[in-house]
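K.L.:
The structure's right below; bear with me while I get my questions together.
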Amino acid sequence: MLNDLWLIVSAILVVIGLVASQGLLLVIGSLVIVVWLLTRVWDRYVFRRVTHSRGLSRHRAFIGDSLVYSVTLCNDKLLPLIWVDIEDTFPVGLELAGANLRPYSSEGTQQHNITASLLPYQQVTWKYTLRCKARGYHRIGPVRLRSGDIFGFGSAETRFPEAEYLLVYPRIVDLQKLVFPAAHPLGGARGQQPLRRDTSRYLGQRDYYPTDPMKHIDWKATARLLRLQTKLFEPVVTHNILVALNAATSEHPWEPSNRRLFERAVTVAASVANDAAGRGWSFGLVSNAVATYSGKWLRVPLGASASQLPLVLEALAMAGPYVVAPLLEVLRSERDALPPGATLVLVSSVVTEALALEIAEMKARGYLVLVLYTGDGLPRLRLPRVPVYPVGQSLDLQGEHEPILAD
C-alpha cells in the first residue's frame, strides 16, 4: 500500500513538473518511479536460480554421536543477493555447535538462522558439528529465505519444502551391569522347548525310541530293516525372545505421559534386543506406543537375521510416548504368532491388575515371562512366580540423562 502511494505521488509530481515546467519536480518524480520499478523487478527475480541444500555425513546415529552437517546456498545468476536471511526449522533434539538457534513457536522445534550476502554466481557452504541429544526421527526443514533490494525499500521471501531426516537410535546399556543380582535376567530364558529339529535338514536315521514322535518314523527304512526307524534332523537351538514395551507410564489412561519413565523403558527394551542379538537368539518387538508419522503400534516379528537388530532399534527410535491401545490388546494379537516355549520380556514402568492377569495367562500357556520394571522403586502389585527386575535405579546410577523426545 505504501509503495502504491509513493507511485501515485510520484506520478502527480511528474504531471505537475510537465505542466508547470518545473524540472526539479519532474526529476524527483521520475527517479521515484524508476526506483519503484527496480524494486519490483528485484523482488520478482531475486530468488530466480537460487538453490538451497543441506547435507549430513550419515542419516542414522546413536545418542551422543557427532555428525557433520552442512548448509549450501547457491546464487546462479547475475543479480546479487545484497542480503539474505536463512530461517530453517530445526529439532530441539539435535545440538548444532556454533550456530544461531532461536526458540520457535512450534513445540519441539527451534529456528536455525543464517544471515549472509552472495555475489553473482557465488556459492557458500556453512559446516557445523551436529550432536545427537535425543533419540527419534528428526526432521530438519522446511526453510524460508528472505532478501531485499539494493535500496532497502522492500523484501521478498521464498520457501523450500525439502527436508532432511536423521534417525537417532535409543541408548543401549549392558544388561549385566543393569540388572543386580548376578544372574542375568535372560540367562535362564530357555522356555519349555529349547531344542528343536529342523525337518528341512535331514541327517539320517536310527532305531526308534518310545520317546520319539510318531510323525518322524521312516516307514520305508522300517520296511527295509524290519524294525522301526526314526528320521534324524539337524538340531536347531531356538531361543525366541519377544520384547513387549509398555508405553503407559501410569495406571490411569487420562494421566499425562511421564517422558522420563518412557525414555527409560525404551532404553531397556533396546538393551534387551541388543543382548539377544549378541547371543544369536531370535527376537522381536511389540509395543502399544505410537509410531511416528504412522499412528499404529510398533511391531517387529521374531527373527534372527543380521538386519533384525537395526529393525528393532529403528522401531524404538520412532516410538512416541502415546498409547494407541492397551498393551493387553497388543499381546493378545501376538499369541498365535508366538512359538511354544518363547520368552516374553515385559518392559514397563507400571504394572496394573489387568496386566498381571495377562501375564498369568501367558504363563499358563507355557511361555516364560520376565518383567523388567522401569518405574521408580518396586511395582505396587506382586506377580507370583514371575521374576521381576527393578532396573530404574540401576539406570540412574549409570548416569542416565533425560533426553527430549523428537516429534
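All residue names refer to the C-alpha cells as shown: chains lettered A, B, ... in order, residues numbered from 1 in each chain, ligands numbered from 1 in order.
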Which polymer residues have any atom within 10 Å of an atom of region 120-129 of chain A, counting only C-alpha atoms, with same-chain residues fewer than 5 positions away left out, as a PyMOL selection string?
P.N.:
chain A and resi 49-56+66-81+95-99+114
K.L.:
Which residues are close to region 285-296 of chain A, i.e. within 6 Å by only C-alpha atoms, leaving aside same-chain residues fewer than 2 positions away? Reply as a compact mmCIF listing (two decimals) with all heavy atoms, in the first residue's frame.
P.N.:
# COMPACT_ATOMS: atom_id res chain seq x y z
N LEU A 242 10.46 -62.28 22.88
CA LEU A 242 9.58 -61.21 22.45
C LEU A 242 9.64 -60.09 23.49
O LEU A 242 9.27 -60.28 24.65
CB LEU A 242 8.14 -61.69 22.29
CG LEU A 242 7.13 -60.62 21.85
CD1 LEU A 242 7.48 -60.11 20.46
CD2 LEU A 242 5.71 -61.15 21.88
N VAL A 243 10.13 -58.94 23.08
CA VAL A 243 10.22 -57.77 23.95
C VAL A 243 8.91 -56.99 23.83
O VAL A 243 8.56 -56.54 22.74
CB VAL A 243 11.42 -56.88 23.59
CG1 VAL A 243 11.52 -55.72 24.56
CG2 VAL A 243 12.70 -57.69 23.58
N ALA A 244 8.21 -56.86 24.95
CA ALA A 244 6.94 -56.13 24.97
C ALA A 244 7.14 -54.83 25.75
O ALA A 244 7.35 -54.86 26.97
CB ALA A 244 5.84 -56.98 25.60
N LEU A 245 7.11 -53.71 25.06
CA LEU A 245 7.32 -52.39 25.67
C LEU A 245 5.97 -51.76 25.97
O LEU A 245 5.15 -51.55 25.07
CB LEU A 245 8.12 -51.51 24.72
CG LEU A 245 8.25 -50.03 25.11
CD1 LEU A 245 9.01 -49.88 26.42
CD2 LEU A 245 8.91 -49.24 24.00
N ASN A 246 5.74 -51.46 27.24
CA ASN A 246 4.51 -50.79 27.65
C ASN A 246 4.73 -49.28 27.62
O ASN A 246 5.55 -48.74 28.36
CB ASN A 246 4.10 -51.25 29.05
CG ASN A 246 2.73 -50.74 29.44
OD1 ASN A 246 1.99 -50.19 28.61
ND2 ASN A 246 2.36 -50.92 30.70
N ALA A 247 3.99 -48.59 26.75
CA ALA A 247 4.15 -47.14 26.63
C ALA A 247 3.45 -46.38 27.75
O ALA A 247 3.76 -45.22 27.99
CB ALA A 247 3.61 -46.66 25.27
N LEU A 298 3.79 -50.34 17.50
CA LEU A 298 5.05 -50.90 17.00
C LEU A 298 4.98 -52.42 16.96
O LEU A 298 4.49 -53.04 17.90
CB LEU A 298 6.21 -50.45 17.88
CG LEU A 298 6.41 -48.95 18.06
CD1 LEU A 298 7.58 -48.70 19.01
CD2 LEU A 298 6.68 -48.29 16.73
N ARG A 299 5.54 -52.99 15.90
CA ARG A 299 5.59 -54.45 15.80
C ARG A 299 6.72 -54.84 14.87
O ARG A 299 6.76 -54.42 13.71
CB ARG A 299 4.28 -55.04 15.29
CG ARG A 299 4.30 -56.56 15.20
CD ARG A 299 2.98 -57.11 14.69
NE ARG A 299 2.98 -58.55 14.72
CZ ARG A 299 3.43 -59.33 13.73
NH1 ARG A 299 3.90 -58.77 12.62
NH2 ARG A 299 3.40 -60.66 13.84
N VAL A 300 7.66 -55.64 15.38
CA VAL A 300 8.72 -56.25 14.59
C VAL A 300 8.65 -57.75 14.84
O VAL A 300 8.91 -58.20 15.96
CB VAL A 300 10.11 -55.71 14.97
CG1 VAL A 300 11.18 -56.37 14.12
CG2 VAL A 300 10.16 -54.19 14.80
N MET A 318 11.57 -44.51 16.68
CA MET A 318 10.39 -43.79 16.22
C MET A 318 9.21 -43.92 17.17
O MET A 318 8.10 -43.48 16.85
CB MET A 318 10.00 -44.30 14.82
CG MET A 318 11.09 -44.13 13.78
SD MET A 318 10.60 -44.66 12.13
CE MET A 318 9.37 -43.44 11.73
N ALA A 319 9.42 -44.53 18.34
CA ALA A 319 8.34 -44.70 19.30
C ALA A 319 8.01 -43.39 19.98
O ALA A 319 8.89 -42.67 20.46
CB ALA A 319 8.73 -45.76 20.33
N GLY A 320 6.73 -43.07 20.04
CA GLY A 320 6.27 -41.87 20.74
C GLY A 320 5.59 -42.25 22.05
O GLY A 320 5.07 -43.36 22.19
N TYR A 322 2.86 -42.07 23.40
CA TYR A 322 1.41 -42.01 23.34
C TYR A 322 0.87 -43.41 23.13
O TYR A 322 1.33 -44.14 22.24
CB TYR A 322 0.94 -41.07 22.22
CG TYR A 322 1.61 -39.73 22.26
CD1 TYR A 322 2.61 -39.38 21.36
CD2 TYR A 322 1.27 -38.79 23.23
CE1 TYR A 322 3.24 -38.16 21.39
CE2 TYR A 322 1.90 -37.56 23.29
CZ TYR A 322 2.88 -37.25 22.36
OH TYR A 322 3.51 -36.03 22.42
N VAL A 323 -0.12 -43.78 23.92
CA VAL A 323 -0.68 -45.13 23.88
C VAL A 323 -1.80 -45.18 22.85
O VAL A 323 -2.75 -44.39 22.92
CB VAL A 323 -1.20 -45.55 25.27
CG1 VAL A 323 -1.83 -46.93 25.22
CG2 VAL A 323 -0.07 -45.51 26.29
N VAL A 324 -1.69 -46.08 21.89
CA VAL A 324 -2.73 -46.22 20.87
C VAL A 324 -3.70 -47.34 21.19
O VAL A 324 -4.77 -47.42 20.61
CB VAL A 324 -2.10 -46.44 19.48
CG1 VAL A 324 -1.33 -45.22 19.04
CG2 VAL A 324 -1.19 -47.66 19.47
N ALA A 325 -3.32 -48.24 22.12
CA ALA A 325 -4.17 -49.36 22.52
C ALA A 325 -3.62 -49.91 23.82
O ALA A 325 -2.43 -49.75 24.12
CB ALA A 325 -4.20 -50.45 21.44
N LEU A 327 -1.88 -52.47 26.26
CA LEU A 327 -0.87 -53.48 25.97
C LEU A 327 -1.48 -54.87 25.93
O LEU A 327 -0.99 -55.75 25.20
CB LEU A 327 0.25 -53.42 27.01
CG LEU A 327 1.45 -54.33 26.76
CD1 LEU A 327 2.15 -53.97 25.46
CD2 LEU A 327 2.44 -54.28 27.92
K.L.:
From the DSSP assignment of the backbone, select every residue of region 218-334 of chain A that is strand (DSSP E or B), and format the answer as an MDAnalysis selection string.
P.N.:
chainID A and resid 229:237 240:245 282:291 297:303 319:323
K.L.:
Between A:Trp83, A:Tyr104, A:Phe47, A:Phe62, single out the one closest to Lys133 (chain A), counting only C-alpha atoms.
P.N.:
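Comparing A:Trp83, A:Tyr104, A:Phe47, A:Phe62 against Lys133 (chain A), the winner is A:Phe62.
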K.L.:
In terms of the shortest atom-to-atom distance over only C-alpha atoms, which of A:Arg135, A:His59, A:His216, A:Arg259 is closest to Pro170 (chain A)?
P.N.:
A:Arg135
K.L.:
Taking 5 positions as the minimum chain separation for residues in the same chain, which residues sit within 10 Å of Pro301 (chain A) when counting only C-alpha atoms? Answer as a JSON list (two decimals) with all heavy atoms, in the first residue's frame.
P.N.:
[["chain", "number", "residue", "atom", "x", "y", "z"],
["A", 242, "LEU", "N", 10.46, -62.28, 22.88],
["A", 242, "LEU", "CA", 9.58, -61.21, 22.45],
["A", 242, "LEU", "C", 9.64, -60.09, 23.49],
["A", 242, "LEU", "O", 9.27, -60.28, 24.65],
["A", 242, "LEU", "CB", 8.14, -61.69, 22.29],
["A", 242, "LEU", "CG", 7.13, -60.62, 21.85],
["A", 242, "LEU", "CD1", 7.48, -60.11, 20.46],
["A", 242, "LEU", "CD2", 5.71, -61.15, 21.88],
["A", 282, "SER", "N", 16.65, -65.57, 18.45],
["A", 282, "SER", "CA", 15.56, -64.99, 17.66],
["A", 282, "SER", "C", 14.76, -64.07, 18.58],
["A", 282, "SER", "O", 14.35, -64.47, 19.67],
["A", 282, "SER", "CB", 14.67, -66.09, 17.09],
["A", 282, "SER", "OG", 13.54, -65.55, 16.45],
["A", 283, "PHE", "N", 14.50, -62.85, 18.13],
["A", 283, "PHE", "CA", 13.81, -61.89, 18.98],
["A", 283, "PHE", "C", 12.95, -60.97, 18.13],
["A", 283, "PHE", "O", 13.13, -60.85, 16.91],
["A", 283, "PHE", "CB", 14.80, -61.07, 19.82],
["A", 283, "PHE", "CG", 15.74, -60.22, 19.00],
["A", 283, "PHE", "CD1", 15.48, -58.88, 18.78],
["A", 283, "PHE", "CD2", 16.89, -60.77, 18.44],
["A", 283, "PHE", "CE1", 16.35, -58.10, 18.02],
["A", 283, "PHE", "CE2", 17.76, -60.00, 17.69],
["A", 283, "PHE", "CZ", 17.49, -58.67, 17.47],
["A", 284, "GLY", "N", 12.02, -60.32, 18.79],
["A", 284, "GLY", "CA", 11.13, -59.38, 18.14],
["A", 284, "GLY", "C", 10.65, -58.34, 19.13],
["A", 284, "GLY", "O", 11.04, -58.34, 20.30],
["A", 285, "LEU", "N", 9.80, -57.45, 18.67],
["A", 285, "LEU", "CA", 9.34, -56.33, 19.50],
["A", 285, "LEU", "C", 7.87, -56.05, 19.22],
["A", 285, "LEU", "O", 7.43, -56.05, 18.06],
["A", 285, "LEU", "CB", 10.16, -55.08, 19.20],
["A", 285, "LEU", "CG", 9.66, -53.77, 19.80],
["A", 285, "LEU", "CD1", 9.94, -53.72, 21.30],
["A", 285, "LEU", "CD2", 10.30, -52.56, 19.10],
["A", 286, "VAL", "N", 7.13, -55.80, 20.29],
["A", 286, "VAL", "CA", 5.77, -55.26, 20.18],
["A", 286, "VAL", "C", 5.62, -54.17, 21.23],
["A", 286, "VAL", "O", 6.28, -54.21, 22.28],
["A", 286, "VAL", "CB", 4.68, -56.34, 20.39],
["A", 286, "VAL", "CG1", 4.68, -57.34, 19.26],
["A", 286, "VAL", "CG2", 4.85, -57.03, 21.74],
["A", 308, "GLN", "N", 17.88, -57.86, 11.91],
["A", 308, "GLN", "CA", 16.83, -57.81, 12.93],
["A", 308, "GLN", "C", 17.06, -56.71, 13.96],
["A", 308, "GLN", "O", 16.15, -55.96, 14.29],
["A", 308, "GLN", "CB", 16.73, -59.17, 13.63],
["A", 308, "GLN", "CG", 15.58, -59.27, 14.63],
["A", 308, "GLN", "CD", 14.21, -59.31, 13.97],
["A", 308, "GLN", "OE1", 14.09, -59.30, 12.74],
["A", 308, "GLN", "NE2", 13.18, -59.34, 14.76],
["A", 311, "LEU", "N", 16.27, -53.24, 12.66],
["A", 311, "LEU", "CA", 14.83, -53.05, 12.54],
["A", 311, "LEU", "C", 14.20, -52.71, 13.89],
["A", 311, "LEU", "O", 13.35, -51.82, 13.99],
["A", 311, "LEU", "CB", 14.18, -54.31, 11.96],
["A", 311, "LEU", "CG", 14.42, -54.60, 10.48],
["A", 311, "LEU", "CD1", 13.82, -55.94, 10.09],
["A", 311, "LEU", "CD2", 13.85, -53.49, 9.61],
["A", 312, "VAL", "N", 14.62, -53.42, 14.93],
["A", 312, "VAL", "CA", 14.07, -53.16, 16.26],
["A", 312, "VAL", "C", 14.50, -51.78, 16.76],
["A", 312, "VAL", "O", 13.70, -51.02, 17.30],
["A", 312, "VAL", "CB", 14.51, -54.27, 17.24],
["A", 312, "VAL", "CG1", 14.12, -53.90, 18.67],
["A", 312, "VAL", "CG2", 13.88, -55.60, 16.85],
["A", 334, "GLU", "N", -0.63, -61.13, 19.48],
["A", 334, "GLU", "CA", 0.62, -61.82, 19.18],
["A", 334, "GLU", "C", 0.62, -63.27, 19.63],
["A", 334, "GLU", "O", 1.59, -63.99, 19.37],
["A", 334, "GLU", "CB", 1.79, -61.09, 19.86],
["A", 334, "GLU", "CG", 2.07, -59.71, 19.30],
["A", 334, "GLU", "CD", 2.53, -59.76, 17.85],
["A", 334, "GLU", "OE1", 3.31, -60.67, 17.52],
["A", 334, "GLU", "OE2", 2.11, -58.90, 17.07],
["A", 337, "ALA", "N", 1.18, -65.93, 16.95],
["A", 337, "ALA", "CA", 2.47, -65.85, 16.25],
["A", 337, "ALA", "C", 3.63, -66.30, 17.12],
["A", 337, "ALA", "O", 4.72, -66.55, 16.60],
["A", 337, "ALA", "CB", 2.71, -64.41, 15.77],
["A", 338, "LEU", "N", 3.41, -66.43, 18.43],
["A", 338, "LEU", "CA", 4.48, -66.84, 19.32],
["A", 338, "LEU", "C", 4.69, -68.35, 19.28],
["A", 338, "LEU", "O", 3.74, -69.11, 19.46],
["A", 338, "LEU", "CB", 4.18, -66.41, 20.76],
["A", 338, "LEU", "CG", 4.60, -65.02, 21.19],
["A", 338, "LEU", "CD1", 4.22, -64.79, 22.65],
["A", 338, "LEU", "CD2", 6.08, -64.81, 21.00]]
K.L.:
Neighbours of Pro390 (chain A) within 9 Å (only C-alpha atoms; same-chain residues fewer than 3 positions away dropped), as a PyMOL selection string?
P.N.:
chain A and resi 179-180+371-379+393-394
K.L.:
So that I can see what lies close to Asn113 (chain A), please list as a list in words the residues with an atom at most 6 Å from it, counting only C-alpha atoms and leaving out residues fewer than 4 positions away in the same chain.
P.N.:
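The residues satisfying every condition are Ile86, Glu87 and Asn100 of chain A.
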